[in-house]
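Trainee: Sharing a structure below in structure tokens format, with a few things to ask.
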There are 2 protein chains.
Amino acid sequence: MQVFTYTLNFFCEDSPMAVFDPNRKRNARGEQRQQALLRAAAAVFGRLGYHDTTTNAIAAEAGVSPATLYQFFPNKAAIASSLASMYAREMAQAERAIDSESVLSFTEAVGELIDVCMRFNRRRPEFHTLVVNAPLSAAAREDKQVLGQVFVDFIAARLRRELPTLSCSEAVHHGQVALMIFRGILDELTVASPHARPRLQ
Amino acid sequence: MQVFTYTLNFFCEDSPMAVFDPNRKRNARGEQRQQALLRAAAAVFGRLGYHDTTTNAIAAEAGVSPATLYQFFPNKAAIASSLASMYAREMAQAERAIDSESVLSFTEAVGELIDVCMRFNRRRPEFHTLVVNAPLSAAAREDKQVLGQVFVDFIAARLRRELPTLSCSEAVHHGQVALMIFRGILDELTVASPHARPRLQ
DNA sequence: CTCTTATACAAGTAGATACTTATATTTAAG
DNA sequence: CTTAAATATAAGTATCTACTTGTATAAGAG
């Protein structure tokens, strides 16, 4: 009996009709829809936060039916994860581009770093909510973690150039603390931005 | 017509049978239940966060039926607000009790302050979630705001004693930044507590 | 042109959860 | 002891929301 059931399930798997298929070929219209859905999701997440954003609202914002959304994303968390990944990678790249020829002083470089991060978070207010409140996929968590590492490494590298006596692990630790501090300030900072920055170093 | 309707609604208000009545007299059993419900809510909020905590789970944790919960609280947000208020007041009091005779140096006093806050957040892990994720009542927001003010004032007062040349508004501003920094570190700190503190001053 | 596959959506469903109703039991004041 | 009010719950309901189903149309490869 057991074997029979197994066999049946194995060969005639009553597949749940997988309306979303990760390997599906996309045409131009599809690619555009997917981008439009991501933009719509960003807007709604930004307005309402992760929890209060419904997939129906995202679909409505994009001007499509809820069912269409599920042609492009398996579930709500995947949309959030996709956005979070994009943003994390984008921001990491922006950070890596800062002072690539190493002409700035430590203070200037850190000032630039903060500026870049602040600008990014002002331009993409939804990033914060997504990272804090959304249940991210492993890939998105990885990208977020890399972003943190880029920040820490940036600080640590500048710090060691400024103070060559500093041990490597000490420098990294200072970088980590700086990251925590920065996140703390970001939390309070959907408003009133240029006020607090001067005190950061 | 409009007037008539108004009158009807005013006098014969089809009251929703208000199972929760804020003016209801409580007996001993009631007071205990209410406390038990708050303790249960704290436990579940701590485990699951605000959004994933259901009123049914709180009732179950307290060993009562869901309906009983609504004899004591009008809704889920009121439970969260009640807890957040309690905790904010408790923590503010603890902060005010630090170094009441002003015998500590600035560095020592701030160290004490951080210690007290850390201990509190370790003892009441749910406080953070409630403050960050729950839709608090006006009263609870007020208590939270007062707590922040106590923190800022503590820092500002010590700072001005240490550096009498500092202007009052400058001192307060430094206090505010310190608060932001502290919150940022708390965010990262459900774990690994005694590691980061030394670098704070 | 044809046929496969992608896109689209109307119209759902399933399951969860905040909250209610009706009613029974306990408390305690008079 | 009576009685009104407080406490308790079984058994709901209403609503919301993530997600599906079935089916129709548009694209585009050959």
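Order determines the names: the first chain of the structure tokens is A, the second B, and so forth; residues in each chain are numbered 1 upward, and ligands are numbered 1 upward as they are shown.
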Please provide as a ChimeraX atom specification all residues within 12 Å of Ala138 of chain A, with the sequence filter that same-chain residues fewer than 3 positions apart are discarded (counting only C-alpha atoms (C1' of nucleotides)).
Mentor: /A:77-78,81-82,84-85,135,141-145
Trainee: Give me the residues near DA16 of chain C as number ranges by chain, where near means some atom within 12 Å (using only C-alpha atoms (C1' of nucleotides)) and where sequence neighbours in that chain fewer than 4 positions away do not count.
Mentor: B: 52, 54, 56; D: 15-18
Trainee: Any idea what's packed within 12 Å of Ser169 of chain B, counting only C-alpha atoms (C1' of nucleotides), ignoring anything in its chain fewer than 5 positions away? Could you give it as a VMD selection string?
Mentor: chain B and resid 152 to 153 156 to 157 159 to 160 174 to 176
Trainee: Identify, with DSSP run on backbone atoms, the residues in segment 8-98 of chain B assigned to alpha helix (DSSP H), and express the list as number ranges by chain.
Mentor: B: 8-11, 28-52, 55-62, 66-72, 76-96
Trainee: Distance table requested - chain A against chain B, cut-off 7 Å, only C-alpha atoms: one row per qualifying residue with the closest atom pair and its distance in Å to one decimal, ordered by chain and rising residue number, as JSON lines.
Mentor:
{"residue": "A:Met180", "atom": "CA", "partner": "B:Ile185", "partner_atom": "CA", "distance": 5.2}
{"residue": "A:Ile181", "atom": "CA", "partner": "B:Ile181", "partner_atom": "CA", "distance": 4.8}
{"residue": "A:Arg183", "atom": "CA", "partner": "B:Gly184", "partner_atom": "CA", "distance": 5.4}
{"residue": "A:Gly184", "atom": "CA", "partner": "B:Gly184", "partner_atom": "CA", "distance": 3.0}
{"residue": "A:Ile185", "atom": "CA", "partner": "B:Met180", "partner_atom": "CA", "distance": 5.2}
{"residue": "A:Glu188", "atom": "CA", "partner": "B:Met180", "partner_atom": "CA", "distance": 6.9}
Trainee: Could you please tell me, as a list in words, which residues of chain D have an atom within 10 Å of chain B when using only C-alpha atoms (C1' of nucleotides)?
Mentor: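 In the required form, that comes to DA5, DA6, DT7, DA8, DT9 and DA10 of chain D.
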Trainee: Enumerate as a PDB file with C-alpha atoms (C1' of nucleotides), in the first residue's frame the residues belonging to chain C that approach chain A to within 8 Å, with only C-alpha atoms (C1' of nucleotides) taken into account.
Mentor:
ATOM      1  C1'  DA C   6       4.046  33.512 -22.235  1.00  0.00           C
ATOM      2  C1'  DT C   7       0.972  36.892 -20.465  1.00  0.00           C
ATOM      3  C1'  DA C   8      -3.379  38.351 -18.322  1.00  0.00           C
ATOM      4  C1'  DC C   9      -7.246  38.317 -15.301  1.00  0.00           C
TER       5       DC C   9
END
Trainee: Which is closer to Ile114 of chain B than all the others in B:Val44, B:Met86, B:Phe127, B:Ile155, using only C-alpha atoms?
Mentor: B:Ile155
Trainee: Please provide as a list in words all residues within 8 Å of DA18 of chain C, with the sequence filter that same-chain residues fewer than 5 positions apart are discarded (counting only C-alpha atoms (C1' of nucleotides)).
Mentor: Thr55, Asn75 and Lys76 of chain B
